[in-house]
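Content type compact mmCIF, C-alpha atoms and all ligand atoms, from the file my_file_25.txt:
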# COMPACT_ATOMS: atom_id res chain seq x y z
CA MET A 1 0.00 0.00 0.00
CA ARG A 2 1.45 3.38 -1.05
CA THR A 3 1.63 6.04 1.65
CA TYR A 4 1.13 9.69 0.68
CA LEU A 5 2.17 12.72 2.65
CA VAL A 6 -0.07 15.53 1.42
CA THR A 7 0.71 19.05 2.68
CA GLY A 8 -2.04 21.68 2.72
CA GLY A 9 -4.73 19.02 2.35
CA ALA A 10 -7.29 21.10 4.25
CA GLY A 11 -7.16 23.88 1.64
CA PHE A 12 -9.08 24.21 -1.61
CA ILE A 13 -7.07 22.10 -4.06
CA GLY A 14 -5.56 19.81 -1.42
CA SER A 15 -8.96 18.73 -0.09
CA ASN A 16 -10.32 18.16 -3.61
CA TYR A 17 -7.18 16.12 -4.38
CA ILE A 18 -7.68 13.94 -1.26
CA HIS A 19 -11.32 13.31 -2.25
CA TYR A 20 -10.21 12.47 -5.78
CA MET A 21 -7.50 10.06 -4.59
CA PHE A 22 -9.85 8.14 -2.27
CA ARG A 23 -12.47 7.96 -5.03
CA LYS A 24 -9.83 6.56 -7.36
CA TYR A 25 -7.75 4.31 -5.10
CA ASP A 26 -10.07 3.74 -2.10
CA ASN A 27 -8.24 1.40 0.30
CA GLU A 28 -5.21 0.85 -1.92
CA ILE A 29 -3.50 3.97 -0.55
CA ARG A 30 -2.94 5.70 2.76
CA ILE A 31 -2.91 9.49 3.09
CA ILE A 32 -1.35 11.58 5.84
CA ASN A 33 -2.50 15.19 5.59
CA VAL A 34 -0.17 17.73 7.18
CA ASP A 35 -1.73 21.17 7.52
CA LYS A 36 -1.21 24.14 9.82
CA LEU A 37 -4.86 25.17 9.46
CA THR A 38 -4.33 28.81 8.60
CA TYR A 39 -7.41 30.89 7.75
CA ALA A 40 -7.47 28.93 4.44
CA GLY A 41 -7.33 25.47 6.00
CA ASN A 42 -10.71 23.99 6.86
CA LEU A 43 -11.18 20.46 8.19
CA GLU A 44 -14.86 20.71 7.28
CA ASN A 45 -13.68 20.17 3.68
CA LEU A 46 -12.70 16.62 4.69
CA LYS A 47 -15.54 15.73 7.04
CA ASP A 48 -16.60 12.67 5.06
CA ILE A 49 -13.01 11.36 4.95
CA GLU A 50 -12.30 11.66 8.69
CA GLY A 51 -13.45 8.20 9.72
CA ARG A 52 -11.30 6.31 7.21
CA GLU A 53 -8.65 4.02 8.64
CA ASN A 54 -6.30 4.90 5.80
CA TYR A 55 -6.43 8.66 6.49
CA THR A 56 -4.59 10.63 9.19
CA PHE A 57 -4.57 14.34 9.89
CA VAL A 58 -1.50 15.95 11.48
CA LYS A 59 -1.70 19.59 12.49
CA ALA A 60 1.75 20.96 11.77
CA ASP A 61 3.55 23.87 10.17
CA ILE A 62 5.72 22.92 7.19
CA THR A 63 8.38 25.35 8.42
CA ASP A 64 8.67 23.30 11.64
CA LYS A 65 11.55 20.98 10.80
CA GLU A 66 11.12 18.73 13.84
CA ALA A 67 7.41 18.21 13.25
CA ILE A 68 7.96 17.30 9.60
CA ARG A 69 10.94 15.08 10.41
CA LYS A 70 8.73 13.23 12.90
CA VAL A 71 6.10 12.51 10.23
CA PHE A 72 8.79 10.97 8.01
CA ALA A 73 10.35 9.06 10.93
CA GLU A 74 7.04 7.52 11.98
CA ASN A 75 5.81 6.62 8.50
CA ASP A 76 7.36 5.05 5.44
CA ILE A 77 6.33 7.79 3.01
CA ASP A 78 6.27 6.83 -0.69
CA ARG A 79 4.83 10.00 -2.19
CA VAL A 80 4.89 13.63 -1.13
CA VAL A 81 2.35 15.94 -2.77
CA HIS A 82 3.19 19.43 -1.62
CA PHE A 83 0.29 21.89 -1.81
CA ALA A 84 0.77 23.87 1.42
CA ALA A 85 1.34 27.52 0.66
CA GLU A 86 0.05 31.00 1.17
CA SER A 87 -1.93 31.30 -2.05
CA HIS A 88 -3.68 34.67 -2.38
CA VAL A 89 -1.99 37.37 -4.50
CA ASP A 90 -3.77 40.30 -2.81
CA ARG A 91 -2.65 39.17 0.64
CA SER A 92 0.93 38.82 -0.63
CA ILE A 93 0.89 42.46 -1.74
CA LYS A 94 -0.02 43.51 1.81
CA GLU A 95 2.11 41.02 3.73
CA PRO A 96 4.95 39.47 1.73
CA GLU A 97 6.98 37.98 4.61
CA VAL A 98 4.53 35.23 5.48
CA PHE A 99 4.63 34.15 1.82
CA VAL A 100 8.41 33.89 1.82
CA ASN A 101 8.39 32.02 5.09
CA THR A 102 5.77 29.40 4.19
CA ASN A 103 6.33 29.09 0.46
CA VAL A 104 10.14 29.23 0.38
CA MET A 105 11.29 28.08 3.81
CA GLY A 106 8.44 25.58 4.12
CA THR A 107 9.30 24.01 0.76
CA CYS A 108 12.96 23.83 1.78
CA VAL A 109 12.02 21.99 4.98
CA MET A 110 9.80 19.57 3.03
CA LEU A 111 12.61 18.85 0.55
CA ASN A 112 15.21 18.42 3.28
CA CYS A 113 13.12 16.08 5.38
CA ALA A 114 12.18 13.96 2.34
CA LYS A 115 15.83 13.82 1.25
CA GLU A 116 16.93 12.84 4.74
CA ALA A 117 14.33 10.06 4.91
CA TRP A 118 14.82 8.73 1.37
CA GLU A 119 18.57 9.07 0.75
CA LEU A 120 20.79 5.94 0.81
CA PRO A 121 24.42 5.96 2.03
CA ASP A 122 25.72 6.14 -1.58
CA GLY A 123 23.70 9.32 -2.27
CA SER A 124 21.05 7.58 -4.38
CA PHE A 125 17.42 7.42 -3.29
CA LYS A 126 15.27 4.51 -2.15
CA GLU A 127 13.40 2.92 -5.04
CA GLY A 128 9.97 4.34 -5.90
CA LYS A 129 9.99 7.47 -3.73
CA LYS A 130 8.56 10.59 -5.38
CA PHE A 131 8.01 14.23 -4.45
CA LEU A 132 5.59 16.43 -6.39
CA HIS A 133 5.71 20.20 -5.92
CA VAL A 134 2.45 21.93 -6.83
CA SER A 135 3.13 25.30 -8.37
CA THR A 136 1.50 27.97 -10.48
CA ASP A 137 1.56 29.49 -13.96
CA GLU A 138 2.04 32.89 -12.29
CA VAL A 139 5.80 32.18 -12.09
CA TYR A 140 5.99 32.89 -15.84
CA GLY A 141 4.67 36.43 -15.45
CA SER A 142 2.14 37.99 -17.80
CA LEU A 143 1.28 37.38 -21.46
CA PRO A 144 0.16 40.01 -23.94
CA ASP A 145 -3.56 40.14 -24.72
CA ASP A 146 -3.01 38.58 -28.16
CA GLY A 147 -4.73 35.20 -27.82
CA THR A 148 -1.77 33.50 -29.50
CA SER A 149 1.12 33.42 -27.00
CA TYR A 150 1.24 30.76 -24.28
CA PHE A 151 3.24 29.65 -21.27
CA TYR A 152 5.41 26.61 -22.02
CA GLU A 153 7.67 24.73 -19.63
CA THR A 154 10.56 26.53 -21.35
CA THR A 155 9.13 30.03 -20.82
CA PRO A 156 11.56 32.05 -18.66
CA TYR A 157 10.39 32.80 -15.13
CA CYS A 158 9.27 36.40 -14.62
CA PRO A 159 7.14 36.60 -11.46
CA HIS A 160 5.62 39.96 -10.51
CA SER A 161 3.76 39.62 -7.21
CA PRO A 162 5.33 38.63 -3.88
CA TYR A 163 3.17 35.47 -4.12
CA SER A 164 4.48 34.44 -7.53
CA ALA A 165 8.03 35.43 -6.59
CA SER A 166 7.83 33.13 -3.56
CA LYS A 167 6.40 30.29 -5.67
CA ALA A 168 9.15 30.85 -8.27
CA SER A 169 11.76 30.65 -5.49
CA SER A 170 10.25 27.41 -4.24
CA ASP A 171 10.28 25.97 -7.78
CA PHE A 172 13.98 26.87 -8.10
CA LEU A 173 14.70 25.08 -4.82
CA VAL A 174 13.02 21.94 -6.15
CA LYS A 175 14.97 22.27 -9.42
CA ALA A 176 18.17 22.69 -7.38
CA TYR A 177 17.45 19.46 -5.48
CA ILE A 178 16.82 17.67 -8.78
CA ASP A 179 20.04 18.99 -10.34
CA THR A 180 22.29 18.72 -7.29
CA TYR A 181 21.15 15.49 -5.63
CA HIS A 182 19.14 13.83 -8.43
CA PHE A 183 16.28 14.13 -5.96
CA PRO A 184 13.20 12.27 -7.33
CA ALA A 185 10.82 15.16 -7.90
CA ASN A 186 8.42 16.76 -10.37
CA ILE A 187 6.99 20.26 -10.55
CA THR A 188 3.56 21.07 -11.93
CA ASN A 189 2.61 24.64 -12.85
CA CYS A 190 -1.13 25.00 -13.05
CA SER A 191 -3.53 27.73 -14.16
CA ASN A 192 -6.47 29.13 -12.13
CA ASN A 193 -8.54 26.42 -10.45
CA TYR A 194 -12.23 26.62 -9.62
CA GLY A 195 -14.64 24.26 -7.92
CA PRO A 196 -16.02 23.31 -4.48
CA TYR A 197 -14.32 24.32 -1.20
CA GLN A 198 -12.54 27.41 -2.57
CA PHE A 199 -12.12 30.10 0.06
CA PRO A 200 -14.22 33.19 -0.81
CA GLU A 201 -11.25 35.55 -1.09
CA LYS A 202 -10.79 34.24 -4.67
CA LEU A 203 -12.76 35.66 -7.59
CA ILE A 204 -15.34 32.93 -8.29
CA PRO A 205 -16.60 32.10 -4.77
CA LEU A 206 -16.38 35.78 -3.79
CA ILE A 207 -18.64 36.80 -6.67
CA ILE A 208 -21.10 33.97 -5.97
CA ASN A 209 -21.34 34.93 -2.32
CA ASN A 210 -21.61 38.68 -2.90
CA ALA A 211 -24.23 38.27 -5.62
CA LEU A 212 -26.40 36.07 -3.41
CA ASN A 213 -26.20 38.69 -0.68
CA GLY A 214 -26.81 41.68 -2.97
CA LYS A 215 -23.33 43.06 -2.27
CA ALA A 216 -21.15 44.98 -4.75
CA LEU A 217 -19.16 42.77 -7.13
CA PRO A 218 -15.66 44.29 -7.14
CA VAL A 219 -14.01 44.20 -10.58
CA TYR A 220 -10.34 45.16 -10.53
CA GLY A 221 -9.37 47.68 -13.23
CA ASP A 222 -11.36 47.32 -16.44
CA GLY A 223 -12.26 43.65 -15.91
CA MET A 224 -10.47 42.70 -19.12
CA ASN A 225 -7.68 40.63 -17.51
CA ILE A 226 -7.62 37.04 -18.67
CA ARG A 227 -7.20 33.86 -16.66
CA ASP A 228 -7.14 30.25 -17.90
CA TRP A 229 -9.65 28.34 -15.74
CA LEU A 230 -9.37 24.65 -14.87
CA TYR A 231 -11.88 22.57 -12.93
CA VAL A 232 -10.17 21.40 -9.73
CA ASP A 233 -10.84 17.66 -10.28
CA ASP A 234 -9.01 17.87 -13.60
CA HIS A 235 -6.04 19.36 -11.75
CA ALA A 236 -6.15 16.57 -9.14
CA LYS A 237 -6.16 13.98 -11.92
CA GLY A 238 -3.23 15.73 -13.63
CA ILE A 239 -1.16 15.70 -10.45
CA ASP A 240 -1.75 11.99 -9.95
CA MET A 241 -0.95 11.22 -13.59
CA VAL A 242 2.27 13.25 -13.52
CA GLN A 243 3.38 11.52 -10.35
CA GLU A 244 2.68 8.05 -11.73
CA ASN A 245 3.45 8.47 -15.45
CA GLY A 246 5.65 11.57 -15.71
CA LYS A 247 9.39 11.51 -16.10
CA LEU A 248 11.17 12.26 -12.83
CA GLY A 249 12.94 15.61 -12.78
CA GLU A 250 10.54 17.15 -15.31
CA THR A 251 8.17 20.09 -15.06
CA TYR A 252 4.65 19.86 -16.50
CA ASN A 253 2.26 22.75 -17.13
CA ILE A 254 -1.40 21.98 -16.40
CA GLY A 255 -4.09 24.13 -18.00
CA GLY A 256 -7.48 23.83 -19.59
CA HIS A 257 -7.17 25.98 -22.74
CA ASN A 258 -10.03 27.91 -21.26
CA GLU A 259 -9.32 31.63 -21.31
CA ARG A 260 -11.92 34.05 -20.00
CA ARG A 261 -11.90 37.75 -19.16
CA ASN A 262 -12.80 38.47 -15.55
CA ILE A 263 -15.90 40.41 -16.55
CA GLN A 264 -17.10 37.42 -18.63
CA ILE A 265 -16.67 35.16 -15.59
CA ILE A 266 -18.75 37.52 -13.46
CA LYS A 267 -21.54 37.77 -16.05
CA THR A 268 -21.58 33.98 -16.46
CA ILE A 269 -21.93 33.55 -12.69
CA LEU A 270 -24.86 35.99 -12.62
CA GLU A 271 -26.60 34.25 -15.52
CA THR A 272 -26.06 30.81 -13.96
CA LEU A 273 -27.38 31.94 -10.59
CA GLN A 274 -30.49 33.33 -12.28
CA GLU A 275 -30.96 30.00 -14.03
CA LEU A 276 -30.39 27.79 -10.97
CA LEU A 277 -32.22 29.73 -8.27
CA PRO A 278 -35.95 29.00 -8.06
CA ASP A 279 -38.27 32.02 -8.22
CA SER A 280 -39.29 31.32 -4.63
CA ASP A 281 -35.72 31.94 -3.38
CA PRO A 282 -35.55 35.55 -2.05
CA ARG A 283 -31.85 35.76 -3.01
CA LYS A 284 -32.77 35.61 -6.69
CA ALA A 285 -33.90 39.26 -6.60
CA ASN A 286 -30.40 40.28 -5.45
CA VAL A 287 -28.65 38.75 -8.45
CA SER A 288 -28.17 41.55 -10.95
CA GLU A 289 -25.55 43.15 -13.19
CA ASP A 290 -26.27 46.39 -11.32
CA LEU A 291 -24.02 45.02 -8.56
CA ILE A 292 -20.94 45.12 -10.83
CA THR A 293 -18.60 47.78 -9.44
CA TYR A 294 -15.33 48.73 -11.06
CA VAL A 295 -12.70 49.33 -8.36
CA ALA A 296 -9.01 50.27 -8.24
CA ASP A 297 -6.81 47.77 -10.00
CA ARG A 298 -4.61 45.22 -8.21
CA LYS A 299 -1.03 46.55 -8.01
CA GLY A 300 1.14 44.90 -10.66
CA HIS A 301 -1.93 43.08 -12.02
CA ASP A 302 -0.83 40.49 -14.59
CA LYS A 303 -2.81 40.92 -17.81
CA ARG A 304 -3.16 37.42 -19.14
CA TYR A 305 -2.28 33.83 -18.21
CA ALA A 306 -2.61 30.98 -20.69
CA ILE A 307 -1.06 27.53 -20.50
CA ALA A 308 -0.12 25.35 -23.44
CA PRO A 309 -0.69 21.88 -21.98
CA ASP A 310 1.06 20.13 -24.90
CA LYS A 311 3.79 18.39 -22.90
CA ILE A 312 1.50 16.83 -20.31
CA ARG A 313 -0.85 15.68 -23.09
CA LYS A 314 1.93 14.07 -25.12
CA GLU A 315 4.10 12.63 -22.35
CA VAL A 316 1.57 11.82 -19.63
CA GLY A 317 -1.67 11.43 -21.56
CA TRP A 318 -3.57 13.99 -19.48
CA GLU A 319 -6.33 16.15 -20.91
CA PRO A 320 -8.92 18.29 -19.12
CA GLU A 321 -12.33 16.62 -19.07
CA THR A 322 -14.63 19.30 -17.70
CA THR A 323 -15.76 22.09 -20.01
CA PHE A 324 -16.16 25.49 -18.38
CA GLU A 325 -19.92 25.43 -19.03
CA VAL A 326 -20.29 22.16 -17.10
CA GLY A 327 -17.71 23.03 -14.42
CA ILE A 328 -19.09 26.44 -13.52
CA LYS A 329 -22.63 25.06 -13.21
CA LYS A 330 -21.41 22.24 -10.94
CA THR A 331 -19.45 24.74 -8.89
CA ILE A 332 -22.31 27.20 -8.44
CA LYS A 333 -24.70 24.34 -7.57
CA TRP A 334 -22.20 23.18 -4.91
CA TYR A 335 -22.07 26.65 -3.33
CA LEU A 336 -25.86 26.91 -3.37
CA GLU A 337 -26.11 23.53 -1.63
CA HIS A 338 -23.39 24.39 0.91
CA GLN A 339 -24.54 27.78 2.14
CA GLU A 340 -23.64 26.83 5.73
CA TRP A 341 -20.06 26.07 4.69
CA MET A 342 -19.89 29.56 3.17
CA GLU A 343 -21.47 31.17 6.24
CA ARG A 344 -18.78 29.66 8.46
CA CYS A 345 -16.03 30.86 6.08
CA ILE A 346 -17.26 34.43 6.08
CA SER A 347 -17.90 34.73 9.81
CA GLY A 348 -15.21 36.17 12.10
CA ASP A 349 -11.90 37.19 10.54
CA TYR A 350 -13.21 37.24 6.96
CA GLN A 351 -15.29 40.39 7.58
CA LYS A 352 -12.22 42.25 8.77
CA TYR A 353 -10.18 40.93 5.84
CA TYR A 354 -12.87 42.08 3.42
CA GLU A 355 -13.13 45.56 4.90
CA ASP A 356 -9.33 46.04 4.90
CA MET A 357 -8.87 44.70 1.37
CA TYR A 358 -11.74 46.53 -0.31
CA LYS A 359 -12.24 49.73 1.73
CA ASN A 360 -9.97 52.01 -0.35
CA ARG A 361 -10.68 50.52 -3.73
P1 LIG B 401 -5.38 27.37 -0.18
O1 LIG B 401 -4.95 28.70 0.31
O2 LIG B 401 -6.82 27.10 -0.38
O3 LIG B 401 -4.84 26.24 0.82
C1 LIG B 401 -3.57 26.26 1.36
C2 LIG B 401 -3.50 25.22 2.47
O4 LIG B 401 -2.14 25.21 2.98
C3 LIG B 401 -4.42 25.54 3.65
O5 LIG B 401 -5.06 24.36 4.08
C4 LIG B 401 -3.47 26.06 4.72
O6 LIG B 401 -3.92 25.82 6.06
C5 LIG B 401 -2.20 25.27 4.42
N1 LIG B 401 -1.00 25.97 4.89
C6 LIG B 401 -0.67 27.27 4.70
N2 LIG B 401 0.50 27.54 5.33
C7 LIG B 401 0.92 26.38 5.89
C8 LIG B 401 2.06 26.01 6.66
N3 LIG B 401 3.00 26.92 6.97
N4 LIG B 401 2.17 24.74 7.08
C9 LIG B 401 1.23 23.81 6.77
N5 LIG B 401 0.11 24.10 6.08
C10 LIG B 401 -0.03 25.37 5.64
O7 LIG B 401 -4.55 27.12 -1.50
P2 LIG B 401 -4.97 26.37 -2.85
O8 LIG B 401 -5.67 27.32 -3.72
O9 LIG B 401 -5.60 25.08 -2.50
O10 LIG B 401 -3.53 26.11 -3.48
C11 LIG B 401 -2.80 24.93 -3.15
C12 LIG B 401 -1.47 24.96 -3.89
O11 LIG B 401 -1.72 25.03 -5.29
C13 LIG B 401 -0.58 26.16 -3.56
O12 LIG B 401 0.74 25.74 -3.52
C14 LIG B 401 -0.82 27.12 -4.72
O13 LIG B 401 0.32 27.92 -4.94
C15 LIG B 401 -1.03 26.13 -5.86
N6 LIG B 401 -1.87 26.61 -6.98
C16 LIG B 401 -3.12 27.12 -6.75
C17 LIG B 401 -3.93 27.48 -7.82
C18 LIG B 401 -5.32 28.02 -7.63
O14 LIG B 401 -5.95 28.42 -8.61
N7 LIG B 401 -5.86 28.03 -6.44
C19 LIG B 401 -3.45 27.32 -9.13
C20 LIG B 401 -2.15 26.82 -9.32
C21 LIG B 401 -1.39 26.43 -8.25
O1 LIG B 402 -2.94 31.29 -12.01
C1 LIG B 402 -2.89 30.49 -10.88
C2 LIG B 402 -3.19 31.32 -9.65
O2 LIG B 402 -4.58 31.61 -9.68
C3 LIG B 402 -2.81 30.63 -8.35
O3 LIG B 402 -1.43 30.45 -8.30
C4 LIG B 402 -3.26 31.47 -7.14
O4 LIG B 402 -3.00 30.76 -5.94
C5 LIG B 402 -4.75 31.72 -7.27
O5 LIG B 402 -5.17 32.55 -6.20
C6 LIG B 402 -5.07 32.36 -8.60
O6 LIG B 402 -4.53 33.71 -8.67
P1 LIG B 402 -5.36 34.94 -9.28
O7 LIG B 402 -4.81 36.18 -8.71
O8 LIG B 402 -5.46 34.83 -10.75
O9 LIG B 402 -6.83 34.59 -8.66
P2 LIG B 402 -7.95 35.53 -8.00
O10 LIG B 402 -9.16 34.68 -7.84
O11 LIG B 402 -7.45 36.28 -6.83
O12 LIG B 402 -8.25 36.59 -9.16
C7 LIG B 402 -8.67 36.18 -10.46
C8 LIG B 402 -8.77 37.46 -11.32
O13 LIG B 402 -9.88 38.23 -10.83
C9 LIG B 402 -7.56 38.37 -11.24
O14 LIG B 402 -7.35 38.96 -12.51
C10 LIG B 402 -7.97 39.44 -10.24
C11 LIG B 402 -9.47 39.54 -10.43
N1 LIG B 402 -10.26 39.90 -9.22
C12 LIG B 402 -10.06 39.16 -8.09
C13 LIG B 402 -10.77 39.43 -6.94
C14 LIG B 402 -10.55 38.65 -5.66
C15 LIG B 402 -11.21 40.90 -9.27
O15 LIG B 402 -11.40 41.56 -10.32
N2 LIG B 402 -11.92 41.16 -8.13
C16 LIG B 402 -11.74 40.50 -6.96
O16 LIG B 402 -12.41 40.83 -5.94
Translate the structure of the given file into structure tokens.
Ligand code: NAD
Ligand code: DAU
Amino acid sequence: MRTYLVTGGAGFIGSNYIHYMFRKYDNEIRIINVDKLTYAGNLENLKDIEGRENYTFVKADITDKEAIRKVFAENDIDRVVHFAAESHVDRSIKEPEVFVNTNVMGTCVMLNCAKEAWELPDGSFKEGKKFLHVSTDEVYGSLPDDGTSYFYETTPYCPHSPYSASKASSDFLVKAYIDTYHFPANITNCSNNYGPYQFPEKLIPLIINNALNGKALPVYGDGMNIRDWLYVDDHAKGIDMVQENGKLGETYNIGGHNERRNIQIIKTILETLQELLPDSDPRKANVSEDLITYVADRKGHDKRYAIAPDKIRKEVGWEPETTFEVGIKKTIKWYLEHQEWMERCISGDYQKYYEDMYKNR
């Protein structure tokens, strides 16, 4: 039975990945989820997994060397899937240090502890051990709004925000371990994910929640920035396929060839809410384009991201399965059916975050 150490498994993508892996492998694998439970970590995302004998949660900080070393010492880990990170660009603009600490130092600790546990006296590594570092397309910087240029694995790194700079640094650390020690790792750089369990600081769940509550829908700048959206289950599948079928040491870009302008996303959400909400639901009257409010742009706002997923298609056989039309409907339905989950997310600290982030925009 393969044992996985998943970091950041209580977050958005990590929890969807854990669900995906148990759906796919059931009792053939064991997962240990290491998460610090920051504001973005939510054990409610894994409620239905909790009782499983082949699942363990460990509350720990990835920058805590002793805690991570202990997890490796007590378990024969076969796979590391490293999601844990500070992930929100706007927060990184306000508070860069925490991003450097978690994303750079935390990744270094994860690499070191895995190396220590897996390395043999001759400097080679135990058979079959693999580390996958989950990264982002934001490390490549920004593309022109031309609809023809793409991010490839060979595109030079050019991060702009403190978040993407910290992720780029962490990618370089993984590359350094691969080059220096022949450490058995892969890096995946993925585009914008959407789906269930995404914290409502990010565009899609924020717009859904604000629209349902009749609150202003904040559009940064002119709303014409482009992101390449991927349904989160497709990302989870891509990670698993890279880890099992990819070539060790390689980087793979994961993206859905699904570019949308932010304003299009917002209008699609409004239309879908109108379609899904029954007339008897009082929230339906709130859902209107009148809520769209153009606000000050994000500092250093990257114009366009777009992944060319050619390498992962050719070498690993991965392709996205969920069209945006299907994925966004599934996502909005999920949020409508999990209003209590949302209420708990937006109680307490979230209100203060929202006021601070949006008050001067
Ligand atoms: P998220 O913010 O929803 O979740 C992050 C998780 O990491 C949380 O559970 C949090 O508690 C945990 N965490 C944070 N700091 C920690 C620490 N010091 N020690 C242990 N756990 C800690 O993030 P997400 O959107 O699920 O992103 C997961 C990963 O995927 C990140 O590495 C991110 O850079 C990458 N990524 C995200 C996207 C996206 O669209 N969301 C796209 C590409 C890549
Ligand atoms: O590209 C991958 C990245 O996608 C990941 O690495 C990040 O972890 C993830 O957060 C995401 O980054 P973005 O900055 O693209 O996502 P966000 O949801 O914050 O914003 C999407 C777009 O919407 C972006 O152009 C900014 C804009 N936006 C965002 C918010 C929160 C708004 O116009 N208004 C908003 O209120």
A:Gly128, A:Gly348, A:Gly300, A:Pro218: which is nearest ligand LIG 402 (chain B), counting all atoms listed in the file?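 Looking only at the distances to ligand LIG 402 (chain B), the closest residue turns out to be A:Pro218.
Atom pair CA of Tyr150 in chain A / CA of Gly14 in chain A has a distance of 26.2 Å (rounded to one decimal).
Atom pair CA of Ala308 in chain A / CA of Arg227 in chain A has a distance of 13.0 Å (rounded to one decimal).
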With a distance cut-off of 8 Å and only C-alpha atoms, select the neighbouring residues of Ser142 in chain A, excluding the residue or stretch itself and same-chain residues fewer than 2 positions from it, and output the selection as a PyMOL selection string. chain A and resi 138+140+144+158+302-305
Using C-alpha atoms, can you write the selected residues to a file as a short mmCIF file (atom, residue, chain, number, x, y, z; two decimals), keeping the file's coordinate frame?
data_model
loop_
_atom_site.label_atom_id
_atom_site.label_comp_id
_atom_site.auth_asym_id
_atom_site.auth_seq_id
_atom_site.Cartn_x
_atom_site.Cartn_y
_atom_site.Cartn_z
CA GLU A 138 2.04 32.89 -12.29
CA TYR A 140 5.99 32.89 -15.84
CA PRO A 144 0.16 40.01 -23.94
CA CYS A 158 9.27 36.40 -14.62
CA ASP A 302 -0.83 40.49 -14.59
CA LYS A 303 -2.81 40.92 -17.81
CA ARG A 304 -3.16 37.42 -19.14
CA TYR A 305 -2.28 33.83 -18.21
#
Please, what is the axis-aligned box for every listed atom of range 219-223 of chain A with 3 Å on each side, as centre and edge lengths in Å to one decimal, as lines of an AutoDock Vina configuration file?
center_x = -11.7
center_y = 45.7
center_z = -13.5
size_x = 10.6
size_y = 10.0
size_z = 11.9
Spatial neighbours of Asn213 in chain A, max dist 10 Å, only C-alpha atoms, sep filter under 5 positions, as a list in words: Ile207, Ile208, Pro282, Arg283, Lys284, Ala285, Asn286 and Val287 of chain A
What do you get as number ranges by chain if you pick all residues at most 6 Å from ligand LIG 402 (chain B), counting all atoms listed in the file? A: 87-89, 136-138, 191-192, 201-203, 218-220, 225, 262
Counting all atoms listed in the file, name the residues that have an atom within 8 Å of an atom of ligand LIG 401 (chain B); the answer should be given as a ChimeraX atom specification. /A:7-15,34-42,59-63,82-88,101-103,106,133-138,167,189-194,198-199
